[in-house]
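Peer 1: target-v8.txt is reproduced below (compact mmCIF, C-alpha atoms).
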```txt
# COMPACT_ATOMS: atom_id res chain seq x y z
CA MET A 1 0.00 0.00 0.00
CA SER A 2 2.69 2.41 0.96
CA LEU A 3 4.39 1.86 -2.43
CA ASN A 4 1.71 4.06 -4.03
CA LYS A 5 3.07 7.12 -2.22
CA PRO A 6 5.53 9.07 -4.45
CA GLY A 7 8.46 9.02 -2.00
CA ASN A 8 8.24 5.29 -1.38
CA HIS A 9 7.84 4.61 -5.08
CA ASP A 10 11.12 6.44 -6.00
CA GLU A 11 12.94 4.67 -3.19
CA ALA A 12 11.79 1.29 -4.35
CA LEU A 13 12.59 2.04 -7.95
CA GLY A 14 16.08 3.24 -7.02
CA LYS A 15 16.76 0.05 -5.07
CA LEU A 16 15.55 -2.05 -7.96
CA LEU A 17 17.77 -0.22 -10.46
CA GLN A 18 20.82 -0.65 -8.21
CA GLU A 19 20.25 -4.34 -8.09
CA TRP A 20 19.79 -4.61 -11.85
CA ARG A 21 22.74 -5.84 -13.86
CA ALA A 22 22.86 -6.06 -17.63
CA ASN A 23 24.71 -9.17 -18.66
CA ALA A 24 23.85 -9.15 -22.36
CA PRO A 25 26.92 -8.36 -24.59
CA LEU A 26 27.03 -5.07 -26.56
CA PRO A 27 26.51 -5.37 -30.30
CA PRO A 28 29.70 -5.24 -32.42
CA ARG A 29 31.21 -1.73 -33.00
CA PHE A 30 28.65 -0.29 -30.61
CA GLN A 31 30.82 2.64 -29.48
CA GLU A 32 31.75 3.60 -33.04
CA ALA A 33 28.09 3.56 -34.07
CA VAL A 34 27.17 5.80 -31.14
CA TRP A 35 29.81 8.35 -32.08
CA ARG A 36 28.73 8.22 -35.72
CA ARG A 37 25.18 9.04 -34.69
CA ILE A 38 26.34 11.89 -32.47
CA GLU A 39 28.41 13.38 -35.30
CA GLY A 40 25.48 13.06 -37.75
CA ALA A 41 23.17 14.83 -35.35
CA GLN A 42 25.68 17.68 -34.88
CA ALA A 43 26.16 18.09 -38.62
CA SER A 44 22.44 18.33 -39.30
CA ALA A 45 22.07 20.86 -36.49
CA ALA A 46 24.71 23.23 -38.02
CA PRO A 47 23.04 26.60 -38.67
CA SER A 48 22.17 27.33 -42.31
CA VAL A 49 22.46 30.78 -43.92
CA TRP A 50 18.74 31.29 -43.53
CA THR A 51 18.91 30.39 -39.86
CA PHE A 52 21.71 32.90 -39.45
CA ILE A 53 19.73 35.62 -41.27
CA ALA A 54 16.59 34.87 -39.30
CA ARG A 55 18.55 35.03 -36.05
CA TRP A 56 20.14 38.32 -37.18
CA ILE A 57 16.75 39.81 -38.04
CA GLY A 58 15.26 38.62 -34.79
CA THR A 59 18.02 39.67 -32.41
CA VAL A 60 20.47 42.13 -33.98
CA LEU A 61 18.34 44.28 -36.31
CA PRO A 62 15.90 45.48 -33.62
CA ARG A 63 18.73 47.22 -31.73
CA PRO A 64 17.87 50.94 -32.01
CA ALA A 65 21.22 52.16 -33.37
CA LEU A 66 21.40 49.42 -35.96
CA ALA A 67 17.76 49.84 -36.99
CA ALA A 68 18.26 53.59 -37.46
CA SER A 69 21.42 53.01 -39.52
CA TYR A 70 19.66 50.40 -41.62
CA LEU A 71 16.78 52.74 -42.39
CA ALA A 72 19.13 55.64 -43.15
CA ILE A 73 21.20 53.51 -45.54
CA LEU A 74 18.15 52.23 -47.41
CA LEU A 75 16.73 55.75 -47.59
CA THR A 76 20.01 56.97 -49.12
CA LEU A 77 20.22 54.05 -51.53
CA GLY A 78 16.62 54.56 -52.69
CA ALA A 79 17.10 58.31 -53.15
CA THR A 80 20.39 57.84 -55.03
CA ALA A 81 18.90 55.21 -57.34
CA GLY A 82 15.87 57.44 -58.01
CA TRP A 83 18.07 60.46 -58.75
CA THR A 84 20.38 58.49 -61.06
CA HIS A 85 17.52 56.93 -62.98
CA ALA A 86 15.73 60.28 -63.23
CA ARG A 87 18.87 61.93 -64.62
CA GLN A 88 19.21 59.23 -67.28
CA GLU A 89 15.53 59.48 -68.18
CA THR A 90 15.63 63.28 -68.38
CA ALA A 91 18.73 63.19 -70.59
CA ARG A 92 17.07 60.61 -72.84
CA VAL A 93 13.87 62.65 -73.21
CA LYS A 94 15.76 65.89 -73.88
CA GLY A 95 18.02 64.18 -76.41
CA GLU A 96 15.00 62.78 -78.24
CA LEU A 97 13.28 66.17 -78.29
CA GLY A 98 16.42 67.80 -79.66
CA GLU A 99 16.57 65.24 -82.47
CA ARG A 100 12.86 65.76 -83.13
CA TYR A 101 13.49 69.49 -83.48
CA ILE A 102 16.23 68.83 -86.05
CA ARG A 103 14.11 66.30 -87.96
CA SER A 104 11.27 68.83 -88.14
CA LEU A 105 13.62 71.25 -89.97
CA ASP A 106 15.97 69.07 -92.00
CA PRO A 107 14.55 66.81 -94.74
CA TYR A 108 17.86 64.95 -94.84
CA ALA A 109 18.05 64.32 -91.10
CA MET A 110 18.15 60.65 -90.23
CA PRO A 111 17.40 59.28 -86.79
CA ARG A 112 20.70 58.83 -84.96
CA GLN A 113 21.72 55.49 -83.50
CA MET B 1 11.67 38.20 -34.70
CA LYS B 2 8.46 40.07 -35.46
CA LYS B 3 9.96 43.43 -34.58
CA GLY B 4 13.03 42.72 -36.72
CA LEU B 5 10.85 41.70 -39.64
CA ILE B 6 8.84 44.90 -39.35
CA ILE B 7 12.05 46.97 -39.40
CA LEU B 8 13.31 45.00 -42.41
CA LEU B 9 10.12 45.61 -44.38
CA LEU B 10 9.96 49.23 -43.24
CA GLY B 11 13.48 49.76 -44.61
CA LEU B 12 12.48 48.34 -47.99
CA ALA B 13 9.36 50.52 -48.02
CA VAL B 14 11.43 53.60 -47.14
CA ALA B 15 13.88 52.83 -49.99
CA ALA B 16 11.05 52.36 -52.49
CA ALA B 17 9.32 55.55 -51.36
CA ALA B 18 12.56 57.56 -51.57
CA TYR B 19 13.22 56.17 -55.05
CA GLY B 20 9.71 57.01 -56.25
CA CYS B 21 9.61 60.51 -54.79
CA ILE B 22 13.04 61.55 -56.06
CA TYR B 23 12.37 60.03 -59.50
CA PHE B 24 9.00 61.77 -59.74
CA VAL B 25 10.37 65.16 -58.72
CA CYS B 26 13.51 65.00 -60.87
CA THR B 27 11.67 63.91 -64.03
CA SER B 28 8.94 66.54 -63.71
CA SER B 29 10.67 68.94 -66.14
CA ALA B 30 11.04 66.22 -68.80
CA ARG B 31 7.42 65.20 -68.25
CA ASN B 32 6.24 68.78 -68.66
CA LEU B 33 8.18 69.07 -71.92
CA GLU B 34 6.67 65.88 -73.29
CA GLN B 35 3.17 66.94 -72.33
CA SER B 36 3.38 70.40 -73.90
CA SER B 37 1.63 71.07 -77.20
CA LYS B 38 4.94 71.51 -79.10
CA PRO B 39 7.45 69.39 -77.20
CA GLU B 40 10.46 70.11 -79.42
CA LEU B 41 9.92 73.88 -79.22
CA ALA B 42 9.30 73.67 -75.47
CA TRP B 43 12.60 71.80 -75.24
CA LEU B 44 14.29 74.58 -77.27
CA LYS B 45 12.93 77.20 -74.86
CA GLU B 46 14.28 75.33 -71.85
CA GLU B 47 17.59 74.31 -73.43
CA PHE B 48 18.47 77.83 -74.59
CA ASN B 49 16.84 79.73 -71.71
CA LEU B 50 14.49 81.73 -73.91
CA SER B 51 12.20 84.38 -72.47
CA ASP B 52 8.52 84.26 -73.35
CA SER B 53 8.88 86.95 -76.02
CA GLU B 54 11.92 85.24 -77.56
CA PHE B 55 10.08 81.95 -77.52
CA LYS B 56 7.05 83.53 -79.19
CA ARG B 57 9.27 84.87 -81.99
CA VAL B 58 11.01 81.49 -82.37
CA CYS B 59 7.60 79.79 -82.67
CA GLU B 60 6.55 82.28 -85.36
CA LEU B 61 9.75 81.64 -87.33
CA HIS B 62 9.29 77.90 -86.92
CA GLU B 63 5.70 78.01 -88.15
CA ALA B 64 6.73 80.16 -91.13
CA TYR B 65 9.57 77.79 -92.04
CA LEU B 66 7.58 74.53 -91.87
CA PRO B 67 5.64 74.99 -95.18
CA GLN B 68 8.94 75.68 -97.00
CA CYS B 69 10.44 72.61 -95.37
CA ALA B 70 7.45 70.46 -96.31
CA GLU B 71 7.73 71.63 -99.93
CA MET B 72 11.45 70.80 -99.94
CA CYS B 73 10.67 67.36 -98.49
CA ARG B 74 8.18 66.76 -101.28
CA GLN B 75 10.71 67.78 -103.94
CA VAL B 76 13.50 65.71 -102.37
CA GLU B 77 11.31 62.63 -102.20
CA ALA B 78 10.14 63.08 -105.82
CA GLN B 79 13.74 63.53 -106.98
CA ASN B 80 14.88 60.45 -105.02
CA GLN B 81 12.15 58.45 -106.70
CA ARG B 82 13.24 59.74 -110.11
CA VAL B 83 16.87 58.76 -109.44
CA ARG B 84 15.81 55.29 -108.28
CA THR B 85 13.75 54.78 -111.42
CA LEU B 86 16.60 55.90 -113.70
CA LEU B 87 19.13 53.71 -111.92
CA ALA B 88 16.87 50.68 -112.16
CA ALA B 89 16.43 51.15 -115.92
CA THR B 90 20.06 50.92 -117.02
CA ASN B 91 23.53 49.66 -116.15
CA GLN B 92 25.56 52.61 -117.43
CA MET B 93 25.81 56.32 -116.90
CA THR B 94 23.34 58.27 -119.01
CA ALA B 95 22.66 61.95 -119.55
CA ASP B 96 19.40 61.59 -117.63
CA ILE B 97 21.18 60.10 -114.63
CA GLU B 98 23.78 62.87 -114.68
CA SER B 99 21.02 65.44 -114.87
CA ALA B 100 19.10 63.76 -112.01
CA ILE B 101 22.22 63.65 -109.82
CA ALA B 102 22.84 67.33 -110.50
CA GLU B 103 19.23 68.13 -109.62
CA SER B 104 19.54 66.15 -106.38
CA ALA B 105 22.64 68.14 -105.48
CA ARG B 106 20.89 71.39 -106.33
CA LEU B 107 17.94 70.45 -104.12
CA ARG B 108 20.23 69.53 -101.27
CA GLY B 109 22.04 72.84 -101.61
CA GLN B 110 18.73 74.71 -101.69
CA CYS B 111 17.57 72.82 -98.62
CA GLN B 112 20.76 73.65 -96.74
CA ARG B 113 20.55 77.31 -97.71
CA ASN B 114 16.95 77.51 -96.44
CA MET B 115 17.84 75.75 -93.23
CA LEU B 116 20.87 77.90 -92.59
CA GLN B 117 18.82 81.03 -93.22
CA HIS B 118 16.25 79.81 -90.71
CA PHE B 119 18.92 78.91 -88.14
CA TYR B 120 20.46 82.39 -88.42
CA GLU B 121 17.07 84.02 -87.95
CA VAL B 122 16.32 81.87 -84.91
CA SER B 123 19.75 82.50 -83.42
CA ARG B 124 19.27 86.26 -83.77
CA THR B 125 16.14 86.10 -81.59
CA MET B 126 18.17 84.55 -78.77
CA PRO B 127 20.58 86.23 -76.35
CA PRO B 128 24.01 86.37 -78.13
CA GLU B 129 25.67 83.62 -76.12
CA GLN B 130 22.70 81.27 -76.46
CA GLY B 131 22.46 82.16 -80.17
CA ARG B 132 26.07 81.07 -80.72
CA ARG B 133 25.46 77.88 -78.80
CA TYR B 134 22.29 77.21 -80.81
CA LEU B 135 24.10 77.74 -84.12
CA ALA B 136 26.94 75.44 -83.14
CA TRP B 137 24.46 72.79 -82.03
CA VAL B 138 22.23 72.84 -85.14
CA GLN B 139 25.18 73.04 -87.54
CA GLU B 140 26.81 70.08 -85.87
CA ARG B 141 23.63 68.07 -86.41
CA THR B 142 22.68 69.21 -89.90
CA PHE B 143 25.91 70.07 -91.74
CA GLN B 144 28.41 67.67 -90.24
CA THR B 145 26.61 64.35 -90.30
CA GLY B 146 27.81 61.72 -92.72
CA GLU B 147 30.28 64.16 -94.24
CA GLY B 148 33.36 62.07 -93.45
CA MET B 149 35.29 60.38 -96.26
CA MET B 150 34.61 56.66 -96.14
CA HIS B 151 37.23 55.35 -98.62
CA ASP B 152 40.38 56.99 -97.43
CA ASN B 153 41.68 54.31 -95.09
CA GLY B 154 41.45 56.90 -92.36
CA ASN B 155 44.02 59.24 -93.95
CA ALA B 156 41.79 62.02 -95.31
CA MET B 157 41.78 64.09 -92.13
CA LYS B 158 45.50 63.69 -91.47
CA PRO B 159 47.65 66.75 -92.22
CA GLU B 160 50.08 66.53 -95.14
```
What is this file in structure tokens?

Peer 2:
Amino acid sequence: MSLNKPGNHDEALGKLLQEWRANAPLPPRFQEAVWRRIEGAQASAAPSVWTFIARWIGTVLPRPALAASYLAILLTLGATAGWTHARQETARVKGELGERYIRSLDPYAMPRQ
Amino acid sequence: MKKGLIILLLGLAVAAAAYGCIYFVCTSSARNLEQSSKPELAWLKEEFNLSDSEFKRVCELHEAYLPQCAEMCRQVEAQNQRVRTLLAATNQMTADIESAIAESARLRGQCQRNMLQHFYEVSRTMPPEQGRRYLAWVQERTFQTGEGMMHDNGNAMKPE
């Protein structure tokens, strides 16, 4: 009856385990197989690039200084790309209009390459 | 993770917004030119910093020149057609071909004289510095295209 109480149960189990002896022989190359399994588990647990990025986004990016720098850099990159593209587009449009002006006056004018 | 993801996406949105705003603002002048009623003349006004009165005079000169230019175009095209017909009809030089070539040259000379006259008139309506720049620009595009010698092995422009 008293074995049903938690304390008595652990005590009895402990005594039983101390008395237990395993006499069966280990399978061949048991130790080597164990180490091979440990190494395999470690290799599969190596962090991938995505894990690294996810960890960086989750832990490093939210730091205030880094977040502010990140936003400032992307703001600058976006503005620079917009300005560069706009300059190219404006030059293209003005060049085309200049050629149109010439073609409107010169019967021999050919579109330039 | 969620906060980091929000910052990541916010950064991309900020970059896209900056790109769009700067692009929109910086291309507004080109857009205005394209949307004007006479884009090439509007471009001329902007390129050579013409005042409204100068621009009005340039437009008048342009409108007056266009009928002459259209007539020259018609004559040039008719003459080109005549030369093509003559060339297709024979395999040797004939008096008609010589006459057609001479007429083509005369038309080209007439066309260039008319153009040059127009360019001088337009340049005189501009401030002197802009007028000089305009003349250099139009002459470079109308009188110096395809004028190079093609069969000289690159020696024609070399000094003696």

Peer 1: Just to confirm, what's the straight-line distance from atom CA of A:Arg103 to atom CA of B:Leu135 in Å (one decimal)?

Peer 2: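 Interatomic distance, atom CA of A:Arg103 to atom CA of B:Leu135: 15.7 Å.
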
Peer 1: Please, what distance in Å, to one decimal, runs between atom CA of B:Ile22 and atom CA of A:Leu77?

Peer 2: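 About the pair atom CA of B:Ile22 and atom CA of A:Leu77: they are 11.3 Å apart.
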
Peer 1: Counting only C-alpha atoms, which residues in chain A sit no more than 8 Å from chain B? For each one, give the nearest pair of atoms and the distance in Å, sorted by chain then residue number, as JSON lines.

Peer 2:
```
{"residue": "A:Ala54", "atom": "CA", "partner": "B:Met1", "partner_atom": "CA", "distance": 7.5}
{"residue": "A:Arg55", "atom": "CA", "partner": "B:Met1", "partner_atom": "CA", "distance": 7.7}
{"residue": "A:Ile57", "atom": "CA", "partner": "B:Gly4", "partner_atom": "CA", "distance": 4.9}
{"residue": "A:Gly58", "atom": "CA", "partner": "B:Met1", "partner_atom": "CA", "distance": 3.6}
{"residue": "A:Thr59", "atom": "CA", "partner": "B:Met1", "partner_atom": "CA", "distance": 6.9}
{"residue": "A:Val60", "atom": "CA", "partner": "B:Gly4", "partner_atom": "CA", "distance": 8.0}
{"residue": "A:Leu61", "atom": "CA", "partner": "B:Gly4", "partner_atom": "CA", "distance": 5.5}
{"residue": "A:Pro62", "atom": "CA", "partner": "B:Gly4", "partner_atom": "CA", "distance": 5.0}
{"residue": "A:Ala67", "atom": "CA", "partner": "B:Ile7", "partner_atom": "CA", "distance": 6.8}
{"residue": "A:Tyr70", "atom": "CA", "partner": "B:Gly11", "partner_atom": "CA", "distance": 6.9}
{"residue": "A:Leu71", "atom": "CA", "partner": "B:Gly11", "partner_atom": "CA", "distance": 5.0}
{"residue": "A:Leu74", "atom": "CA", "partner": "B:Ala15", "partner_atom": "CA", "distance": 5.0}
{"residue": "A:Leu75", "atom": "CA", "partner": "B:Ala15", "partner_atom": "CA", "distance": 4.7}
{"residue": "A:Thr76", "atom": "CA", "partner": "B:Ala15", "partner_atom": "CA", "distance": 7.4}
{"residue": "A:Leu77", "atom": "CA", "partner": "B:Ala15", "partner_atom": "CA", "distance": 6.6}
{"residue": "A:Gly78", "atom": "CA", "partner": "B:Ala15", "partner_atom": "CA", "distance": 4.2}
{"residue": "A:Ala79", "atom": "CA", "partner": "B:Tyr19", "partner_atom": "CA", "distance": 4.8}
{"residue": "A:Thr80", "atom": "CA", "partner": "B:Tyr19", "partner_atom": "CA", "distance": 7.4}
{"residue": "A:Ala81", "atom": "CA", "partner": "B:Tyr19", "partner_atom": "CA", "distance": 6.2}
{"residue": "A:Gly82", "atom": "CA", "partner": "B:Tyr19", "partner_atom": "CA", "distance": 4.2}
{"residue": "A:Trp83", "atom": "CA", "partner": "B:Tyr23", "partner_atom": "CA", "distance": 5.8}
{"residue": "A:His85", "atom": "CA", "partner": "B:Tyr23", "partner_atom": "CA", "distance": 6.9}
{"residue": "A:Ala86", "atom": "CA", "partner": "B:Tyr23", "partner_atom": "CA", "distance": 5.0}
{"residue": "A:Arg87", "atom": "CA", "partner": "B:Cys26", "partner_atom": "CA", "distance": 7.2}
{"residue": "A:Glu89", "atom": "CA", "partner": "B:Thr27", "partner_atom": "CA", "distance": 7.2}
{"residue": "A:Thr90", "atom": "CA", "partner": "B:Ala30", "partner_atom": "CA", "distance": 5.5}
{"residue": "A:Val93", "atom": "CA", "partner": "B:Ala30", "partner_atom": "CA", "distance": 6.3}
{"residue": "A:Lys94", "atom": "CA", "partner": "B:Trp43", "partner_atom": "CA", "distance": 6.8}
{"residue": "A:Leu97", "atom": "CA", "partner": "B:Glu40", "partner_atom": "CA", "distance": 5.0}
{"residue": "A:Gly98", "atom": "CA", "partner": "B:Glu40", "partner_atom": "CA", "distance": 6.4}
{"residue": "A:Arg100", "atom": "CA", "partner": "B:Glu40", "partner_atom": "CA", "distance": 6.2}
{"residue": "A:Tyr101", "atom": "CA", "partner": "B:Glu40", "partner_atom": "CA", "distance": 5.1}
{"residue": "A:Ile102", "atom": "CA", "partner": "B:Val138", "partner_atom": "CA", "distance": 7.3}
{"residue": "A:Ser104", "atom": "CA", "partner": "B:Leu66", "partner_atom": "CA", "distance": 7.7}
{"residue": "A:Leu105", "atom": "CA", "partner": "B:Cys69", "partner_atom": "CA", "distance": 6.4}
{"residue": "A:Asp106", "atom": "CA", "partner": "B:Thr142", "partner_atom": "CA", "distance": 7.0}
{"residue": "A:Pro107", "atom": "CA", "partner": "B:Cys73", "partner_atom": "CA", "distance": 5.4}
{"residue": "A:Ala109", "atom": "CA", "partner": "B:Thr142", "partner_atom": "CA", "distance": 6.8}
```

Peer 1: Dump C-alpha atoms for the selected residues as a compact mmCIF listing (two decimals), in the frame of the given file?

Peer 2:
```
# COMPACT_ATOMS: atom_id res chain seq x y z
CA ALA A 54 16.59 34.87 -39.30
CA ARG A 55 18.55 35.03 -36.05
CA ILE A 57 16.75 39.81 -38.04
CA GLY A 58 15.26 38.62 -34.79
CA THR A 59 18.02 39.67 -32.41
CA VAL A 60 20.47 42.13 -33.98
CA LEU A 61 18.34 44.28 -36.31
CA PRO A 62 15.90 45.48 -33.62
CA ALA A 67 17.76 49.84 -36.99
CA TYR A 70 19.66 50.40 -41.62
CA LEU A 71 16.78 52.74 -42.39
CA LEU A 74 18.15 52.23 -47.41
CA LEU A 75 16.73 55.75 -47.59
CA THR A 76 20.01 56.97 -49.12
CA LEU A 77 20.22 54.05 -51.53
CA GLY A 78 16.62 54.56 -52.69
CA ALA A 79 17.10 58.31 -53.15
CA THR A 80 20.39 57.84 -55.03
CA ALA A 81 18.90 55.21 -57.34
CA GLY A 82 15.87 57.44 -58.01
CA TRP A 83 18.07 60.46 -58.75
CA HIS A 85 17.52 56.93 -62.98
CA ALA A 86 15.73 60.28 -63.23
CA ARG A 87 18.87 61.93 -64.62
CA GLU A 89 15.53 59.48 -68.18
CA THR A 90 15.63 63.28 -68.38
CA VAL A 93 13.87 62.65 -73.21
CA LYS A 94 15.76 65.89 -73.88
CA LEU A 97 13.28 66.17 -78.29
CA GLY A 98 16.42 67.80 -79.66
CA ARG A 100 12.86 65.76 -83.13
CA TYR A 101 13.49 69.49 -83.48
CA ILE A 102 16.23 68.83 -86.05
CA SER A 104 11.27 68.83 -88.14
CA LEU A 105 13.62 71.25 -89.97
CA ASP A 106 15.97 69.07 -92.00
CA PRO A 107 14.55 66.81 -94.74
CA ALA A 109 18.05 64.32 -91.10
```

Peer 1: Within 9 Å of B:Val122, counting only C-alpha atoms, which residues show up once you throw out same-chain ones fewer than 2 positions away? Write them as an MDAnalysis selection string, please.

Peer 2: chainID B and resid 57:58 61:62 117:120 124:126 131 134:135

Peer 1: Could you save the residues just selected, with C-alpha atoms, as a PDB file, in the coordinates of the input?

Peer 2:
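Final output, out-v9.pdb:
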```pdb
ATOM      1  CA  ARG B  57       9.270  84.870 -81.990  1.00  0.00           C
ATOM      2  CA  VAL B  58      11.010  81.490 -82.370  1.00  0.00           C
ATOM      3  CA  LEU B  61       9.750  81.640 -87.330  1.00  0.00           C
ATOM      4  CA  HIS B  62       9.290  77.900 -86.920  1.00  0.00           C
ATOM      5  CA  GLN B 117      18.820  81.030 -93.220  1.00  0.00           C
ATOM      6  CA  HIS B 118      16.250  79.810 -90.710  1.00  0.00           C
ATOM      7  CA  PHE B 119      18.920  78.910 -88.140  1.00  0.00           C
ATOM      8  CA  TYR B 120      20.460  82.390 -88.420  1.00  0.00           C
ATOM      9  CA  ARG B 124      19.270  86.260 -83.770  1.00  0.00           C
ATOM     10  CA  THR B 125      16.140  86.100 -81.590  1.00  0.00           C
ATOM     11  CA  MET B 126      18.170  84.550 -78.770  1.00  0.00           C
ATOM     12  CA  GLY B 131      22.460  82.160 -80.170  1.00  0.00           C
ATOM     13  CA  TYR B 134      22.290  77.210 -80.810  1.00  0.00           C
ATOM     14  CA  LEU B 135      24.100  77.740 -84.120  1.00  0.00           C
TER      15      LEU B 135
END
```

Peer 1: Work out how far apart atom CA of B:Ala88 and atom CA of B:Ile101 are and give it in Å to one decimal.

Peer 2: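 Spanning atom CA of B:Ala88 to atom CA of B:Ile101 is a straight-line distance of 14.2 Å.
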
Peer 1: Using the file's own x, y and z axes, what box holds all listed atoms of stretch 89-93 of chain B with 3 Å on each side, keeping edges along x, y and z, and what are its centre and edge lengths in Å to one decimal, as JSON?

Peer 2:
```
{"center_x": 21.1, "center_y": 53.0, "center_z": -116.7, "size_x": 15.4, "size_y": 12.7, "size_z": 7.5}
```

Peer 1: Counting only C-alpha atoms, which residue out of B:Asn32, B:Ala100, B:Leu116, B:Glu129 sits closest to B:Leu87?

Peer 2: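 Once distances to B:Leu87 are computed over only C-alpha atoms, the minimum belongs to B:Ala100.
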